[in-house]
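Engineer: Dropping in target24.cif, which is mmCIF, C-alpha atoms:
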data_work
#
loop_
_atom_site.label_atom_id
_atom_site.label_comp_id
_atom_site.auth_asym_id
_atom_site.auth_seq_id
_atom_site.Cartn_x
_atom_site.Cartn_y
_atom_site.Cartn_z
CA MET A 1040 248.93 30.64 296.02
CA ASN A 1041 248.42 27.93 298.63
CA SER A 1042 251.80 26.97 300.10
CA ASP A 1043 250.77 23.31 300.33
CA VAL A 1044 250.57 22.79 296.57
CA MET A 1045 253.33 20.85 294.83
CA VAL A 1046 254.87 21.02 291.38
CA TYR A 1047 255.81 17.50 290.24
CA ILE A 1048 258.49 17.23 287.56
CA VAL A 1049 258.91 14.04 285.54
CA ASP A 1050 261.80 14.06 283.07
CA ASP A 1051 264.58 11.54 282.40
CA ASP A 1052 267.09 14.36 281.84
CA ALA A 1053 268.75 15.18 285.18
CA ALA A 1054 269.86 18.63 283.99
CA ILE A 1055 266.29 19.55 283.00
CA ARG A 1056 264.95 18.30 286.33
CA HIS A 1057 267.49 20.37 288.24
CA SER A 1058 266.81 23.47 286.12
CA LEU A 1059 263.05 23.20 286.61
CA GLU A 1060 263.41 22.64 290.35
CA MET A 1061 265.58 25.75 290.63
CA LEU A 1062 263.03 27.76 288.62
CA MET A 1063 260.19 26.59 290.87
CA GLN A 1064 262.12 27.42 294.03
CA SER A 1065 263.00 30.87 292.68
CA VAL A 1066 259.30 31.80 292.61
CA GLY A 1067 258.38 30.08 295.88
CA HIS A 1068 256.82 26.86 294.55
CA LYS A 1069 257.48 23.55 296.27
CA ALA A 1070 258.80 21.05 293.73
CA VAL A 1071 259.85 17.42 293.58
CA SER A 1072 261.27 15.63 290.56
CA TYR A 1073 261.36 12.08 289.22
CA ALA A 1074 263.48 10.44 286.53
CA SER A 1075 260.67 8.22 285.27
CA ALA A 1076 256.91 7.91 285.09
CA ARG A 1077 257.06 4.76 287.22
CA ALA A 1078 259.03 6.51 289.98
CA PHE A 1079 256.39 9.23 290.03
CA LEU A 1080 253.50 6.77 290.23
CA ASP A 1081 255.20 4.80 293.00
CA SER A 1082 255.43 7.81 295.32
CA PHE A 1083 252.64 10.15 294.20
CA ASP A 1084 250.09 11.12 296.86
CA PRO A 1085 246.90 12.32 295.09
CA SER A 1086 245.66 13.95 298.29
CA ILE A 1087 248.27 16.69 297.89
CA PRO A 1088 247.13 19.30 295.34
CA GLY A 1089 249.58 20.21 292.63
CA CYS A 1090 250.41 20.05 288.94
CA LEU A 1091 252.61 17.82 286.83
CA LEU A 1092 255.35 19.01 284.45
CA LEU A 1093 255.75 16.06 282.16
CA ASP A 1094 258.31 15.22 279.48
CA VAL A 1095 257.03 13.17 276.54
CA ARG A 1096 259.90 10.96 275.46
CA MET A 1097 261.06 8.77 278.33
CA PRO A 1098 262.08 5.10 278.50
CA GLU A 1099 259.58 2.43 279.60
CA MET A 1100 256.56 4.76 279.90
CA SER A 1101 256.21 7.94 277.88
CA GLY A 1102 254.70 11.13 279.26
CA LEU A 1103 251.58 10.67 277.15
CA ASP A 1104 251.23 7.10 278.42
CA LEU A 1105 251.50 8.36 282.00
CA GLN A 1106 248.82 10.94 281.25
CA GLN A 1107 246.55 8.13 280.04
CA VAL A 1108 247.23 6.07 283.17
CA LEU A 1109 246.30 9.02 285.39
CA ASN A 1110 243.06 9.58 283.47
CA HIS A 1111 242.22 5.86 283.53
CA ASP A 1112 242.74 5.78 287.30
CA LYS A 1113 240.66 8.99 287.65
CA ILE A 1114 243.59 10.86 289.21
CA LYS A 1115 242.79 14.50 288.55
CA ILE A 1116 246.08 16.35 288.47
CA PRO A 1117 246.57 19.17 285.93
CA VAL A 1118 249.29 18.25 283.44
CA ILE A 1119 251.66 20.51 281.52
CA ILE A 1120 253.52 18.71 278.73
CA ILE A 1121 257.07 19.91 278.10
CA THR A 1122 258.92 18.40 275.14
CA GLY A 1123 261.82 18.98 272.83
CA HIS A 1124 260.30 16.71 270.21
CA GLY A 1125 256.76 18.01 269.81
CA ASP A 1126 254.55 17.67 266.77
CA LEU A 1127 250.91 18.49 266.04
CA PRO A 1128 249.47 14.96 266.54
CA MET A 1129 251.30 14.71 269.87
CA ALA A 1130 249.97 18.09 270.98
CA VAL A 1131 246.44 17.18 269.93
CA ARG A 1132 246.59 13.90 271.83
CA ALA A 1133 247.91 15.63 274.96
CA MET A 1134 245.23 18.31 274.87
CA LYS A 1135 242.47 15.76 274.26
CA GLU A 1136 243.69 13.93 277.36
CA GLY A 1137 243.22 17.17 279.30
CA ALA A 1138 246.66 18.81 279.35
CA VAL A 1139 246.61 22.40 280.56
CA ASP A 1140 249.38 23.33 278.13
CA PHE A 1141 251.82 21.83 275.61
CA ILE A 1142 255.16 23.63 275.73
CA GLU A 1143 258.08 22.98 273.41
CA LYS A 1144 261.71 23.30 274.50
CA PRO A 1145 263.39 25.74 274.61
CA PHE A 1146 260.67 27.77 276.33
CA HIS A 1147 260.38 31.14 278.01
CA ASP A 1148 260.34 30.81 281.79
CA GLN A 1149 257.42 33.22 282.10
CA HIS A 1150 255.30 31.16 279.70
CA LEU A 1151 255.87 28.09 281.84
CA LEU A 1152 255.26 29.96 285.10
CA ASP A 1153 251.99 31.40 283.77
CA SER A 1154 250.85 27.88 282.84
CA ILE A 1155 251.85 26.58 286.26
CA THR A 1156 249.85 29.33 287.96
CA LYS A 1157 246.79 28.29 285.94
CA ALA A 1158 247.38 24.58 286.62
CA LEU A 1159 247.81 25.05 290.38
CA ALA A 1160 244.63 27.14 290.57
CA LYS A 1161 242.83 24.34 288.72
CA SER A 1162 244.28 21.80 291.16
CA LEU A 1163 242.93 23.71 294.15
CA ASP A 1164 239.50 23.86 292.49
CA ILE A 1165 239.63 20.10 291.97
CA GLN A 1166 240.56 19.56 295.63
CA GLN A 1167 237.70 21.78 296.76
CA GLN A 1168 235.26 19.77 294.63
CA GLN A 1169 236.63 16.49 295.98
CA ASP A 1170 236.39 17.74 299.57
CA SER A 1171 232.79 18.81 298.96
CA ARG A 1172 232.04 15.43 297.42
CA ALA A 1173 233.54 13.60 300.41
CA ILE A 1174 231.46 15.67 302.83
CA PHE A 1175 228.30 15.01 300.82
CA ILE A 1176 228.92 11.26 300.64
CA GLU A 1177 229.66 11.00 304.38
CA ARG A 1178 226.50 12.92 305.35
CA ALA A 1179 224.29 11.23 302.75
CA SER A 1180 225.38 7.82 304.07
CA ARG A 1181 223.36 8.63 307.21
CA LEU A 1182 220.11 8.89 305.23
CA SER A 1183 217.66 6.03 305.01
CA PRO A 1184 216.76 4.84 301.47
CA ARG A 1185 213.43 6.71 301.69
CA GLU A 1186 215.11 9.89 302.93
CA ARG A 1187 217.51 9.67 300.01
CA GLN A 1188 214.55 9.39 297.63
CA VAL A 1189 212.86 12.39 299.20
CA MET A 1190 216.07 14.45 299.03
CA GLU A 1191 216.60 13.68 295.35
CA VAL A 1192 213.13 15.07 294.57
CA LEU A 1193 213.31 17.87 297.14
CA VAL A 1194 216.40 19.48 295.60
CA THR A 1195 214.60 19.76 292.23
CA GLY A 1196 212.39 22.41 293.83
CA LYS A 1197 209.20 20.40 294.32
CA HIS A 1198 206.91 21.01 297.31
CA SER A 1199 205.84 18.45 299.90
CA LYS A 1200 202.53 17.65 298.16
CA GLU A 1201 204.31 17.07 294.84
CA ILE A 1202 206.94 14.87 296.49
CA ALA A 1203 204.23 12.94 298.34
CA SER A 1204 202.33 12.33 295.11
CA GLU A 1205 205.46 11.23 293.25
CA LEU A 1206 206.61 8.83 295.98
CA GLY A 1207 203.19 7.62 297.07
CA ILE A 1208 203.44 8.83 300.66
CA SER A 1209 201.61 11.49 302.68
CA PRO A 1210 202.73 15.16 302.76
CA LYS A 1211 203.10 14.86 306.55
CA THR A 1212 205.51 11.94 306.09
CA VAL A 1213 207.44 14.00 303.55
CA ASP A 1214 207.76 16.83 306.07
CA VAL A 1215 209.08 14.41 308.70
CA HIS A 1216 211.64 13.05 306.21
CA CYS A 1217 212.65 16.61 305.26
CA GLY A 1218 213.38 17.40 308.90
CA HIS A 1219 215.57 14.32 309.20
CA ILE A 1220 217.33 15.17 305.93
CA MET A 1221 218.17 18.71 307.02
CA GLU A 1222 219.52 17.40 310.33
CA LYS A 1223 221.59 14.57 308.86
CA MET A 1224 222.95 16.68 305.98
CA GLN A 1225 223.83 19.42 308.53
CA VAL A 1226 222.16 22.25 306.61
CA SER A 1227 219.91 25.01 307.90
CA SER A 1228 218.01 25.81 304.69
CA LEU A 1229 216.80 24.24 301.49
CA VAL A 1230 219.08 26.56 299.52
CA GLU A 1231 222.09 25.22 301.41
CA LEU A 1232 220.94 21.66 300.77
CA VAL A 1233 220.56 22.37 297.05
CA ARG A 1234 224.01 23.96 296.91
CA LEU A 1235 225.59 20.94 298.60
CA SER A 1236 223.69 18.50 296.41
CA MET A 1237 223.99 20.12 293.00
CA ALA A 1238 227.50 18.91 292.18
CA ASN A 1239 227.09 15.57 293.91
CA LEU A 1240 223.75 13.95 293.19
#
Spit out the file's structure as structure tokens when you get a sec.
Structural biologist:
Amino acid sequence: MNSDVMVYIVDDDAAIRHSLEMLMQSVGHKAVSYASARAFLDSFDPSIPGCLLLDVRMPEMSGLDLQQVLNHDKIKIPVIIITGHGDLPMAVRAMKEGAVDFIEKPFHDQHLLDSITKALAKSLDIQQQQDSRAIFIERASRLSPRERQVMEVLVTGKHSKEIASELGISPKTVDVHCGHIMEKMQVSSLVELVRLSMANL
């Protein structure tokens, strides 16, 4: 597992926070804990991949409310709900909001660790997608509006004549635009361009 990932613990019970931090350290995970949802939000850096171990019942902002805030703000961090007061509606709500797991206290350490492994792997996938998206946006910003139009049709598999007909320009002009697109997008083949574009257009 990537050593840069972080396990965030949010629980208003100091003993639980300490216990979870010790468990994370025992298996080599970096961990940091917070006594409230607000304290977590105030210091959280979304550029650092990780997962969130989240208690439900906390003063001011509950764990489920924090989960909603993260989703509303489009902060994609895998969440594992840990609660001593779980019920079916609560579990359903948490899972609908995208929780990786809903674990009731007391729990088996291995169950939690297995869920954390899954959540951290998901976090690294999310980071990879976001990095790819950032690269695509930066390179695509170099394209002219017409080059962008040509690229959007090009990656659907159409040939120069078809693109020319659709956009009302000559095939030769399409070929010139294609050359500029490949250069600006820093790709050496159409397949590479399609791969870069598929998840981002």
Engineer: If you count all atoms listed in the file, which residues fall within 7 Å of Val1046 (chain A), apart from same-chain ones fewer than 6 positions away, as a compact mmCIF listing (two decimals) with C-alpha atoms, keeping the file's coordinate frame?
Structural biologist:
# COMPACT_ATOMS: atom_id res chain seq x y z
CA HIS A 1068 256.82 26.86 294.55
CA LYS A 1069 257.48 23.55 296.27
CA ALA A 1070 258.80 21.05 293.73
CA VAL A 1071 259.85 17.42 293.58
CA GLY A 1089 249.58 20.21 292.63
CA CYS A 1090 250.41 20.05 288.94
CA LEU A 1091 252.61 17.82 286.83
Engineer: Rank A:Leu1103, A:Ile1114, A:Leu1152, A:Leu1092 by their smallest atom-to-atom distance to Met1134 (chain A), using all atoms listed in the file, and report the top residue only.
Structural biologist: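 Nearest to Met1134 (chain A): A:Leu1103.
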Engineer: Evaluate the PyMOL selection byres ((chain A and resi 1049) around 6) and record the selected residues as a PyMOL selection string, following the chain and residue labels used in the document.
Structural biologist: chain A and resi 1048+1050+1072-1074+1093
Engineer: List the residues selected by the PyMOL selection byres ((chain A and resi 1136) around 8) in the file shown, writing them as a list of chain:residue names.
Structural biologist: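 So the PyMOL selection byres ((chain A and resi 1136) around 8) ends up selecting A:Gln1106, A:Gln1107, A:Asn1110, A:Arg1132, A:Ala1133, A:Met1134, A:Lys1135, A:Gly1137, A:Ala1138.
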Engineer: Please, what distance in Å, to one decimal, runs between CA of Ser1162 (chain A) and CA of Lys1115 (chain A)?
Structural biologist: 7.9 Å
Engineer: Could you work out how far CA of Gly1102 (chain A) lies from CA of Ala1053 (chain A), giving the answer in Å with one decimal?
Structural biologist: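 Separating CA of Ala1053 (chain A) from CA of Gly1102 (chain A) is a distance of 15.8 Å.
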Engineer: As AutoDock Vina command-line options, what would the box around region 1178-1194 of chain A look like: edges along x, y and z, 8 Å added on every side, centre and edge lengths in Å to one decimal?
Structural biologist:
--center_x 219.7 --center_y 12.2 --center_z 300.9 --size_x 29.6 --size_y 30.6 --size_z 28.6
Engineer: Would you mind listing, for every residue of region 1101-1201 of chain A within 9 Å of region 1210-1225 of chain A, the two atoms forming the shortest contact and the distance between them in Å to one decimal, using all atoms listed in the file, sorted by chain and ascending residue number, as JSON lines?
Structural biologist:
{"residue": "A:Phe1175", "atom": "CA", "partner": "A:Met1224", "partner_atom": "CA", "distance": 7.6}
{"residue": "A:Glu1177", "atom": "CA", "partner": "A:Met1224", "partner_atom": "CA", "distance": 8.9}
{"residue": "A:Arg1178", "atom": "CA", "partner": "A:Met1224", "partner_atom": "CA", "distance": 5.2}
{"residue": "A:Ala1179", "atom": "CA", "partner": "A:Met1224", "partner_atom": "CA", "distance": 6.5}
{"residue": "A:Arg1181", "atom": "CA", "partner": "A:Lys1223", "partner_atom": "CA", "distance": 6.4}
{"residue": "A:Leu1182", "atom": "CA", "partner": "A:Lys1223", "partner_atom": "CA", "distance": 6.9}
{"residue": "A:Arg1185", "atom": "CA", "partner": "A:His1216", "partner_atom": "CA", "distance": 8.0}
{"residue": "A:Glu1186", "atom": "CA", "partner": "A:His1216", "partner_atom": "CA", "distance": 5.7}
{"residue": "A:Arg1187", "atom": "CA", "partner": "A:Ile1220", "partner_atom": "CA", "distance": 8.1}
{"residue": "A:Val1189", "atom": "CA", "partner": "A:Val1213", "partner_atom": "CA", "distance": 7.1}
{"residue": "A:Met1190", "atom": "CA", "partner": "A:Ile1220", "partner_atom": "CA", "distance": 7.1}
{"residue": "A:Leu1193", "atom": "CA", "partner": "A:Cys1217", "partner_atom": "CA", "distance": 8.2}
{"residue": "A:Ser1199", "atom": "CA", "partner": "A:Pro1210", "partner_atom": "CA", "distance": 5.4}
{"residue": "A:Lys1200", "atom": "CA", "partner": "A:Pro1210", "partner_atom": "CA", "distance": 5.2}
{"residue": "A:Glu1201", "atom": "CA", "partner": "A:Pro1210", "partner_atom": "CA", "distance": 8.3}
Engineer: Out of A:His1150, A:Glu1143, A:Pro1088, A:Leu1105, which residue has the shortest atom-to-atom distance to Gln1167 (chain A) when counting all atoms listed in the file?
Structural biologist: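 Using all atoms listed in the file, Gln1167 (chain A) sits closest to A:Pro1088.
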Engineer: If we draw a sphere of 12 Å around (238.2, 20.5, 295.0), which residues have at least one atom in it when counting all atoms listed in the file? Please report them as a list in words.
Structural biologist: Pro1085, Ser1086, Ile1087, Pro1088, Gly1089, Lys1115, Ile1116, Leu1159, Ala1160, Lys1161, Ser1162, Leu1163, Asp1164, Ile1165, Gln1166, Gln1167, Gln1168, Gln1169, Asp1170, Ser1171, Arg1172, Ala1173, Ile1174 and Ala1238 of chain A
Engineer: Counting only C-alpha atoms, which residues come within 12 Å of (261.3, 28.5, 282.8), with the point read in the file's coordinates, and could you list them as a list of chain:residue names?
Structural biologist: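 Here the neighbourhood of the point contains A:Ile1055, A:Arg1056, A:His1057, A:Ser1058, A:Leu1059, A:Glu1060, A:Met1061, A:Leu1062, A:Met1063, A:Gln1064, A:Ser1065, A:Val1066, A:Leu1092, A:Ile1121, A:Ile1142, A:Glu1143, A:Lys1144, A:Pro1145, A:Phe1146, A:His1147, A:Asp1148, A:Gln1149, A:His1150, A:Leu1151, A:Leu1152, A:Asp1153, A:Ser1154, A:Ile1155.
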Engineer: Distance CA of Met1100 (chain A)-CA of Met1045 (chain A), one decimal place?
Structural biologist: 22.2 Å
Engineer: Name the closest residue to Ala1078 (chain A) among the candidates A:Asp1051, A:Leu1232, A:Lys1197, A:Ala1158; distances are taken between atoms, counting only C-alpha atoms.
Structural biologist: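 Of all the options, A:Asp1051 lies closest to Ala1078 (chain A).
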Engineer: Any chance you could work out the residue set of the PyMOL selection byres ((chain A and resi 1124) around 10) here, as a list in words?
Structural biologist: Asp1094, Val1095, Arg1096, Ile1121, Thr1122, Gly1123, Gly1125, Asp1126, Met1129, Glu1143 and Lys1144 of chain A
Engineer: Rebuild region 1180-1208 of chain A so that it carries N, CA and C atoms, then output the result as an mmCIF file, keeping the file's coordinate frame.
Structural biologist:
data_model
loop_
_atom_site.group_PDB
_atom_site.id
_atom_site.type_symbol
_atom_site.label_atom_id
_atom_site.label_comp_id
_atom_site.auth_asym_id
_atom_site.auth_seq_id
_atom_site.Cartn_x
_atom_site.Cartn_y
_atom_site.Cartn_z
ATOM 1 N N SER A 1180 225.362 9.220 303.633
ATOM 2 C CA SER A 1180 225.380 7.820 304.070
ATOM 3 C C SER A 1180 224.515 7.619 305.318
ATOM 4 N N ARG A 1181 224.198 8.721 306.010
ATOM 5 C CA ARG A 1181 223.360 8.630 307.210
ATOM 6 C C ARG A 1181 221.872 8.555 306.871
ATOM 7 N N LEU A 1182 221.521 8.876 305.634
ATOM 8 C CA LEU A 1182 220.110 8.890 305.230
ATOM 9 C C LEU A 1182 219.588 7.479 305.019
ATOM 10 N N SER A 1183 218.313 7.294 305.342
ATOM 11 C CA SER A 1183 217.660 6.030 305.010
ATOM 12 C C SER A 1183 217.373 6.028 303.500
ATOM 13 N N PRO A 1184 217.100 4.864 302.910
ATOM 14 C CA PRO A 1184 216.760 4.840 301.470
ATOM 15 C C PRO A 1184 215.599 5.772 301.129
ATOM 16 N N ARG A 1185 214.574 5.836 301.971
ATOM 17 C CA ARG A 1185 213.430 6.710 301.690
ATOM 18 C C ARG A 1185 213.838 8.180 301.806
ATOM 19 N N GLU A 1186 214.651 8.501 302.802
ATOM 20 C CA GLU A 1186 215.110 9.890 302.930
ATOM 21 C C GLU A 1186 215.938 10.298 301.718
ATOM 22 N N ARG A 1187 216.714 9.378 301.217
ATOM 23 C CA ARG A 1187 217.510 9.670 300.010
ATOM 24 C C ARG A 1187 216.579 9.956 298.823
ATOM 25 N N GLN A 1188 215.525 9.160 298.694
ATOM 26 C CA GLN A 1188 214.550 9.390 297.630
ATOM 27 C C GLN A 1188 213.906 10.768 297.758
ATOM 28 N N VAL A 1189 213.506 11.101 298.974
ATOM 29 C CA VAL A 1189 212.860 12.390 299.200
ATOM 30 C C VAL A 1189 213.826 13.528 298.872
ATOM 31 N N MET A 1190 215.090 13.393 299.286
ATOM 32 C CA MET A 1190 216.070 14.450 299.030
ATOM 33 C C MET A 1190 216.279 14.658 297.534
ATOM 34 N N GLU A 1191 216.353 13.570 296.784
ATOM 35 C CA GLU A 1191 216.600 13.680 295.350
ATOM 36 C C GLU A 1191 215.483 14.449 294.649
ATOM 37 N N VAL A 1192 214.248 14.312 295.152
ATOM 38 C CA VAL A 1192 213.130 15.070 294.570
ATOM 39 C C VAL A 1192 213.086 16.479 295.155
ATOM 40 N N LEU A 1193 213.371 16.584 296.444
ATOM 41 C CA LEU A 1193 213.310 17.870 297.140
ATOM 42 C C LEU A 1193 214.216 18.911 296.497
ATOM 43 N N VAL A 1194 215.438 18.513 296.133
ATOM 44 C CA VAL A 1194 216.400 19.480 295.600
ATOM 45 C C VAL A 1194 216.079 19.901 294.166
ATOM 46 N N THR A 1195 215.051 19.298 293.559
ATOM 47 C CA THR A 1195 214.600 19.760 292.230
ATOM 48 C C THR A 1195 213.634 20.918 292.357
ATOM 49 N N GLY A 1196 213.253 21.252 293.606
ATOM 50 C CA GLY A 1196 212.390 22.410 293.830
ATOM 51 C C GLY A 1196 210.921 22.070 294.037
ATOM 52 N N LYS A 1197 210.595 20.792 294.144
ATOM 53 C CA LYS A 1197 209.200 20.400 294.320
ATOM 54 C C LYS A 1197 208.769 20.559 295.785
ATOM 55 N N HIS A 1198 207.471 20.837 295.969
ATOM 56 C CA HIS A 1198 206.910 21.010 297.310
ATOM 57 C C HIS A 1198 206.498 19.662 297.887
ATOM 58 N N SER A 1199 206.161 19.690 299.183
ATOM 59 C CA SER A 1199 205.840 18.450 299.900
ATOM 60 C C SER A 1199 204.721 17.656 299.227
ATOM 61 N N LYS A 1200 203.662 18.350 298.786
ATOM 62 C CA LYS A 1200 202.530 17.650 298.160
ATOM 63 C C LYS A 1200 202.963 16.957 296.871
ATOM 64 N N GLU A 1201 203.827 17.655 296.097
ATOM 65 C CA GLU A 1201 204.310 17.070 294.840
ATOM 66 C C GLU A 1201 205.207 15.861 295.106
ATOM 67 N N ILE A 1202 206.051 15.982 296.128
ATOM 68 C CA ILE A 1202 206.940 14.870 296.490
ATOM 69 C C ILE A 1202 206.103 13.691 296.980
ATOM 70 N N ALA A 1203 205.100 13.994 297.800
ATOM 71 C CA ALA A 1203 204.230 12.940 298.340
ATOM 72 C C ALA A 1203 203.539 12.195 297.211
ATOM 73 N N SER A 1204 203.027 12.947 296.243
ATOM 74 C CA SER A 1204 202.330 12.330 295.110
ATOM 75 C C SER A 1204 203.276 11.464 294.298
ATOM 76 N N GLU A 1205 204.489 11.963 294.074
ATOM 77 C CA GLU A 1205 205.460 11.230 293.250
ATOM 78 C C GLU A 1205 205.930 9.948 293.927
ATOM 79 N N LEU A 1206 206.073 9.993 295.256
ATOM 80 C CA LEU A 1206 206.610 8.830 295.980
ATOM 81 C C LEU A 1206 205.528 7.965 296.611
ATOM 82 N N GLY A 1207 204.285 8.416 296.530
ATOM 83 C CA GLY A 1207 203.190 7.620 297.070
ATOM 84 C C GLY A 1207 203.143 7.597 298.582
ATOM 85 N N ILE A 1208 203.506 8.712 299.213
ATOM 86 C CA ILE A 1208 203.440 8.830 300.660
ATOM 87 C C ILE A 1208 202.686 10.113 301.009
#
